[in-house]
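Visitor: What follows is a structure written as structure tokens; I'll ask about it next.
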Amino acid sequence: MPGCNHDCEHCASNCGERNSAPEKFFMNGNIKNIIGIVSGKGGVGKSLVTGLLASEINKKGLRTAILDADITGPSIPKMFGIYETVLSDGHFIQPAKSKNGTKIISMNLCLQNEGEPVVWRGPVLAGVVKQFYEEVDWGDVDFMFVDMPPGTGDVPLTIFQSLPVKGIVIVTTPQDLVSMIVSKAINMANLMNVPVLGIVENMSYFECPDCKSKHYIFGESHLNEIAAAYGIKATAQLPIMPELAKSCDAGEIENFAAENYLDDVLKILTNK
């Protein structure tokens, strides 16, 4: 209905949206902080930023986990060099673990063939996210990063309504068009009363290895303008880095040092 903020718990209206509101998911484990990584469109590097943030938080001695909610486009396991199939102990699904101990669940870890497409409708996808949250033996986790599918569809809405998300980090790229798309993601978070903790601009520029000059291949950055317009204090810029791409392709994202690029966002996540 017009003006709906999808907060059915505190709404007096008896509309169709209320009757079909998702349930609150049961937390299986002691998960202190759930951070959503979102984007208004695909192909901006959302999964990359998810992997980097989890890796850097893990390096600080905190227990990390990744719930890959991008069910139809999972890429997290490959970045971490994980190709096993997750198994159940008879009660719960045991998550895969990266070399440094980050717990990971992803659709690709549930398929016999990682190239097999997942052709499901929204409600089924949301049901898988529920299974990943409730039926995986997460144990003690300081930070769980949820890699959301792009856009503002069924799965992001379900996650906002059903999981105790502490805040989100938005991933974007420098093109002019993206500012409009970022505003949609921010406005959805505001409707759900979920704080936007930071914005990461991926592919922000390319630094010449010889002369060290910066080249803005996708145009000048508008990151600071967007952040200022919405009162977002923590921002970060990731340049185009061939060595980072190689690390991801080799399953060694944890070996890449990204703290200098993500410092402000990491500080606001850890309150340091």
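Labeling convention for the structure tokens: chains A, B, ... as they appear, residues from 1 per chain, ligands from 1 in order of appearance.
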Tell me, as a ChimeraX atom specification, which residues lie within 8 Å of A:Asp137, counting only C-alpha atoms; anything in the same chain fewer than 6 positions away does not count.
Guide: /A:28-29,92-95
Visitor: Report as a list in words all protein, DNA and RNA residues lying within 7 Å of A:Ile105, evaluated on only C-alpha atoms, omitting residues in the same chain fewer than 3 positions from it.
Guide: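 Contacts, in chain order: Ile66, Leu67, Asp68, Pro95, Ala96, Leu109 and Phe132 of chain A.
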Visitor: Extract the full set of strand (DSSP E or B) residues from stretch 20-207 of chain A according to DSSP on the backbone, and format it as a VMD selection string.
Guide: chain A and resid 30 to 38 64 to 68 87 to 88 93 to 94 96 to 97 103 to 105 136 140 to 147 167 to 172 196 to 202 206 to 207
Visitor: Report, in Å to a single decimal, how far apart atom CA of A:Val182 and atom CA of A:Ser39 are.
Guide: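 Spanning atom CA of A:Ser39 to atom CA of A:Val182 is a straight-line distance of 7.1 Å.
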Visitor: Within 6 Å of A:His215, counting only C-alpha atoms, which residues show up once you throw out same-chain ones fewer than 2 positions away? Write them as a PyMOL selection string, please.
Guide: chain A and resi 205-206+217
Visitor: With N, CA, C and O atoms retained, could you export that selection as a PDB file, in the first residue's frame?
Guide:
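Result written to again.pdb:
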```pdb
ATOM      1  N   TYR A 205      39.588   4.098  -9.418  1.00  0.00           N
ATOM      2  CA  TYR A 205      40.616   4.658 -10.301  1.00  0.00           C
ATOM      3  C   TYR A 205      41.670   3.588 -10.576  1.00  0.00           C
ATOM      4  O   TYR A 205      41.647   2.505  -9.971  1.00  0.00           O
ATOM      5  N   PHE A 206      42.566   3.890 -11.474  1.00  0.00           N
ATOM      6  CA  PHE A 206      43.703   3.010 -11.738  1.00  0.00           C
ATOM      7  C   PHE A 206      44.977   3.808 -11.523  1.00  0.00           C
ATOM      8  O   PHE A 206      45.122   4.918 -12.047  1.00  0.00           O
ATOM      9  N   ILE A 217      39.167   5.944 -14.864  1.00  0.00           N
ATOM     10  CA  ILE A 217      38.697   5.286 -16.082  1.00  0.00           C
ATOM     11  C   ILE A 217      37.182   5.387 -16.240  1.00  0.00           C
ATOM     12  O   ILE A 217      36.668   5.555 -17.343  1.00  0.00           O
TER      13      ILE A 217
END
```
Visitor: A:Gly151: which residues within 9 Å, counting only C-alpha atoms, same-chain residues fewer than 4 positions away excluded, as a list in words?
Guide: Val38, Ser39, Gly40, Lys41, Gly42, Pro156, Ile181, Lys184 and Ala185 of chain A
Visitor: I need the residues from that last selection saved to file as a PDB file, in the first residue's frame (with C-alpha atoms), if you can.
Guide:
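Ended up saving to again-v4.pdb:
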```
ATOM      1  CA  VAL A  38      24.397  -4.418  -0.558  1.00  0.00           C
ATOM      2  CA  SER A  39      24.400  -2.834  -3.990  1.00  0.00           C
ATOM      3  CA  GLY A  40      21.756  -1.288  -6.175  1.00  0.00           C
ATOM      4  CA  LYS A  41      22.958  -3.196  -9.236  1.00  0.00           C
ATOM      5  CA  GLY A  42      25.084  -6.180 -10.097  1.00  0.00           C
ATOM      6  CA  PRO A 156      17.094  -8.226   0.566  1.00  0.00           C
ATOM      7  CA  ILE A 181      21.019   3.520  -7.841  1.00  0.00           C
ATOM      8  CA  LYS A 184      17.560   3.518  -3.907  1.00  0.00           C
ATOM      9  CA  ALA A 185      19.619   1.245  -1.651  1.00  0.00           C
TER      10      ALA A 185
END
```
Visitor: I want to know what sits within 7 Å of A:Gly81, based on only C-alpha atoms, with residues of the same chain fewer than 2 positions away left out; could you give that as a PDB file with N, CA, C and O atoms, in the first residue's frame?
Guide:
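File written: around.pdb
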```pdb
ATOM      1  N   PRO A  77      32.822 -18.659  -2.271  1.00  0.00           N
ATOM      2  CA  PRO A  77      33.719 -19.805  -2.050  1.00  0.00           C
ATOM      3  C   PRO A  77      34.974 -19.775  -2.918  1.00  0.00           C
ATOM      4  O   PRO A  77      36.072 -20.079  -2.427  1.00  0.00           O
ATOM      5  N   LYS A  78      34.839 -19.404  -4.181  1.00  0.00           N
ATOM      6  CA  LYS A  78      36.000 -19.381  -5.075  1.00  0.00           C
ATOM      7  C   LYS A  78      37.054 -18.388  -4.590  1.00  0.00           C
ATOM      8  O   LYS A  78      38.250 -18.658  -4.655  1.00  0.00           O
ATOM      9  N   MET A  79      36.616 -17.229  -4.095  1.00  0.00           N
ATOM     10  CA  MET A  79      37.564 -16.229  -3.588  1.00  0.00           C
ATOM     11  C   MET A  79      38.407 -16.766  -2.444  1.00  0.00           C
ATOM     12  O   MET A  79      39.561 -16.374  -2.258  1.00  0.00           O
ATOM     13  N   TYR A  83      36.145 -25.454  -2.249  1.00  0.00           N
ATOM     14  CA  TYR A  83      35.417 -26.172  -3.294  1.00  0.00           C
ATOM     15  C   TYR A  83      34.699 -27.408  -2.749  1.00  0.00           C
ATOM     16  O   TYR A  83      34.115 -28.172  -3.503  1.00  0.00           O
ATOM     17  N   ALA A 250      42.744 -16.991  -7.585  1.00  0.00           N
ATOM     18  CA  ALA A 250      43.546 -18.078  -7.014  1.00  0.00           C
ATOM     19  C   ALA A 250      42.987 -18.569  -5.685  1.00  0.00           C
ATOM     20  O   ALA A 250      43.561 -19.477  -5.066  1.00  0.00           O
ATOM     21  N   GLY A 251      41.878 -17.982  -5.222  1.00  0.00           N
ATOM     22  CA  GLY A 251      41.297 -18.385  -3.946  1.00  0.00           C
ATOM     23  C   GLY A 251      42.089 -17.903  -2.752  1.00  0.00           C
ATOM     24  O   GLY A 251      42.045 -18.510  -1.683  1.00  0.00           O
ATOM     25  N   GLU A 252      42.800 -16.784  -2.914  1.00  0.00           N
ATOM     26  CA  GLU A 252      43.681 -16.298  -1.846  1.00  0.00           C
ATOM     27  C   GLU A 252      43.348 -14.864  -1.442  1.00  0.00           C
ATOM     28  O   GLU A 252      44.230 -14.058  -1.163  1.00  0.00           O
TER      29      GLU A 252
END
```
Visitor: Can you list, as an NGL selection string, every protein, DNA or RNA residue that comes within 12 Å of A:Gly61 when you count only C-alpha atoms, leaving out same-chain residues fewer than 6 positions away?
Guide: :A and (54-55 or 100-102 or 141-143 or 270)
Visitor: Determine which residues of stretch 24-245 of chain A DSSP labels as helix (DSSP H, G or I) from the backbone of this structure, then write them out as a ChimeraX atom specification.
Guide: /A:46-59,76-79,107-109,122-134,154-162,176-191,223-230,242-245
Visitor: For A:Phe145, work out the shell of residues within 10 Å, counting only C-alpha atoms and skipping chain neighbours fewer than 2 positions away, then give it as JSON, numbers by chain.
Guide: {"A": [33, 34, 35, 36, 37, 50, 51, 53, 54, 64, 65, 66, 67, 68, 69, 104, 143, 147, 148, 165, 168, 169]}
Visitor: Limited to N, CA and C atoms, could you put the picked residues into a file as a PDB file, in the first residue's frame?
Guide:
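The new file selection30.pdb reads:
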```pdb
ATOM      1  N   ASN A  33      27.204  -9.487  15.649  1.00  0.00           N
ATOM      2  CA  ASN A  33      26.959  -8.395  14.700  1.00  0.00           C
ATOM      3  C   ASN A  33      26.688  -8.962  13.310  1.00  0.00           C
ATOM      4  N   ILE A  34      25.565  -8.575  12.719  1.00  0.00           N
ATOM      5  CA  ILE A  34      25.249  -8.974  11.349  1.00  0.00           C
ATOM      6  C   ILE A  34      25.302  -7.730  10.478  1.00  0.00           C
ATOM      7  N   ILE A  35      26.185  -7.761   9.475  1.00  0.00           N
ATOM      8  CA  ILE A  35      26.383  -6.626   8.582  1.00  0.00           C
ATOM      9  C   ILE A  35      25.996  -7.037   7.161  1.00  0.00           C
ATOM     10  N   GLY A  36      25.066  -6.317   6.565  1.00  0.00           N
ATOM     11  CA  GLY A  36      24.668  -6.596   5.186  1.00  0.00           C
ATOM     12  C   GLY A  36      25.535  -5.826   4.211  1.00  0.00           C
ATOM     13  N   ILE A  37      25.968  -6.495   3.155  1.00  0.00           N
ATOM     14  CA  ILE A  37      26.724  -5.844   2.085  1.00  0.00           C
ATOM     15  C   ILE A  37      25.806  -5.786   0.872  1.00  0.00           C
ATOM     16  N   THR A  50      32.664  -7.894   0.376  1.00  0.00           N
ATOM     17  CA  THR A  50      32.288  -8.812   1.462  1.00  0.00           C
ATOM     18  C   THR A  50      33.492  -9.628   1.893  1.00  0.00           C
ATOM     19  N   GLY A  51      34.184 -10.208   0.919  1.00  0.00           N
ATOM     20  CA  GLY A  51      35.346 -11.037   1.223  1.00  0.00           C
ATOM     21  C   GLY A  51      36.468 -10.255   1.874  1.00  0.00           C
ATOM     22  N   LEU A  53      36.248  -7.335   3.622  1.00  0.00           N
ATOM     23  CA  LEU A  53      35.886  -6.899   4.971  1.00  0.00           C
ATOM     24  C   LEU A  53      35.976  -8.055   5.962  1.00  0.00           C
ATOM     25  N   ALA A  54      35.472  -9.211   5.574  1.00  0.00           N
ATOM     26  CA  ALA A  54      35.536 -10.371   6.463  1.00  0.00           C
ATOM     27  C   ALA A  54      36.992 -10.753   6.744  1.00  0.00           C
ATOM     28  N   THR A  64      34.827 -14.420  12.393  1.00  0.00           N
ATOM     29  CA  THR A  64      34.031 -13.932  11.274  1.00  0.00           C
ATOM     30  C   THR A  64      33.304 -15.052  10.551  1.00  0.00           C
ATOM     31  N   ALA A  65      32.229 -14.670   9.864  1.00  0.00           N
ATOM     32  CA  ALA A  65      31.454 -15.615   9.065  1.00  0.00           C
ATOM     33  C   ALA A  65      30.866 -14.867   7.878  1.00  0.00           C
ATOM     34  N   ILE A  66      30.612 -15.600   6.806  1.00  0.00           N
ATOM     35  CA  ILE A  66      29.945 -15.032   5.627  1.00  0.00           C
ATOM     36  C   ILE A  66      28.758 -15.904   5.268  1.00  0.00           C
ATOM     37  N   LEU A  67      27.584 -15.285   5.220  1.00  0.00           N
ATOM     38  CA  LEU A  67      26.391 -15.941   4.692  1.00  0.00           C
ATOM     39  C   LEU A  67      26.186 -15.390   3.288  1.00  0.00           C
ATOM     40  N   ASP A  68      26.412 -16.223   2.297  1.00  0.00           N
ATOM     41  CA  ASP A  68      26.294 -15.805   0.900  1.00  0.00           C
ATOM     42  C   ASP A  68      24.827 -15.902   0.485  1.00  0.00           C
ATOM     43  N   ALA A  69      24.124 -14.768   0.584  1.00  0.00           N
ATOM     44  CA  ALA A  69      22.695 -14.747   0.261  1.00  0.00           C
ATOM     45  C   ALA A  69      22.434 -14.460  -1.207  1.00  0.00           C
ATOM     46  N   ILE A 104      31.889 -20.103   6.326  1.00  0.00           N
ATOM     47  CA  ILE A 104      31.221 -19.694   5.083  1.00  0.00           C
ATOM     48  C   ILE A 104      30.141 -20.699   4.701  1.00  0.00           C
ATOM     49  N   PHE A 143      31.405 -11.205  13.894  1.00  0.00           N
ATOM     50  CA  PHE A 143      30.861 -10.472  12.746  1.00  0.00           C
ATOM     51  C   PHE A 143      30.438 -11.455  11.655  1.00  0.00           C
ATOM     52  N   ASP A 147      26.309 -11.359   2.214  1.00  0.00           N
ATOM     53  CA  ASP A 147      26.472 -10.915   0.829  1.00  0.00           C
ATOM     54  C   ASP A 147      25.110 -10.998   0.151  1.00  0.00           C
ATOM     55  N   MET A 148      24.446  -9.858   0.017  1.00  0.00           N
ATOM     56  CA  MET A 148      23.084  -9.842  -0.519  1.00  0.00           C
ATOM     57  C   MET A 148      23.077  -9.806  -2.038  1.00  0.00           C
ATOM     58  N   VAL A 165      19.817  -7.276  11.526  1.00  0.00           N
ATOM     59  CA  VAL A 165      20.927  -6.623  10.832  1.00  0.00           C
ATOM     60  C   VAL A 165      21.319  -5.351  11.584  1.00  0.00           C
ATOM     61  N   ILE A 168      24.368  -1.739   7.260  1.00  0.00           N
ATOM     62  CA  ILE A 168      24.783  -2.191   5.937  1.00  0.00           C
ATOM     63  C   ILE A 168      25.941  -1.348   5.422  1.00  0.00           C
ATOM     64  N   VAL A 169      26.688  -1.950   4.524  1.00  0.00           N
ATOM     65  CA  VAL A 169      27.716  -1.255   3.758  1.00  0.00           C
ATOM     66  C   VAL A 169      27.299  -1.333   2.298  1.00  0.00           C
TER      67      VAL A 169
END
```
Visitor: Mind running stretch 12-96 of chain A against stretch 220-242 of chain A at 12 Å and telling me each contacting residue's nearest atom pair with the distance in Å (one decimal), counting only C-alpha atoms, chain and number ascending, as JSON lines?
Guide:
```
{"residue": "A:Val44", "atom": "CA", "partner": "A:Leu238", "partner_atom": "CA", "distance": 11.1}
{"residue": "A:Gly45", "atom": "CA", "partner": "A:Leu238", "partner_atom": "CA", "distance": 9.9}
{"residue": "A:Lys46", "atom": "CA", "partner": "A:Leu238", "partner_atom": "CA", "distance": 11.8}
{"residue": "A:Leu48", "atom": "CA", "partner": "A:Leu238", "partner_atom": "CA", "distance": 10.4}
{"residue": "A:Val49", "atom": "CA", "partner": "A:Leu238", "partner_atom": "CA", "distance": 9.1}
{"residue": "A:Leu52", "atom": "CA", "partner": "A:Leu238", "partner_atom": "CA", "distance": 10.7}
{"residue": "A:Leu53", "atom": "CA", "partner": "A:Ala236", "partner_atom": "CA", "distance": 11.5}
```
Visitor: For A:Thr173, which of A:Asp154, A:Glu254, A:Glu84, A:Glu201 is the closest residue, counting only C-alpha atoms?
Guide: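 Closest to A:Thr173, using only C-alpha atoms: A:Glu201.
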Visitor: So the first atom is atom CA of A:Gln131 and the second is atom CA of A:Phe25; what is the distance between them in Å, to one decimal place?
Guide: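 Separation of atom CA of A:Gln131 and atom CA of A:Phe25: 9.2 Å.
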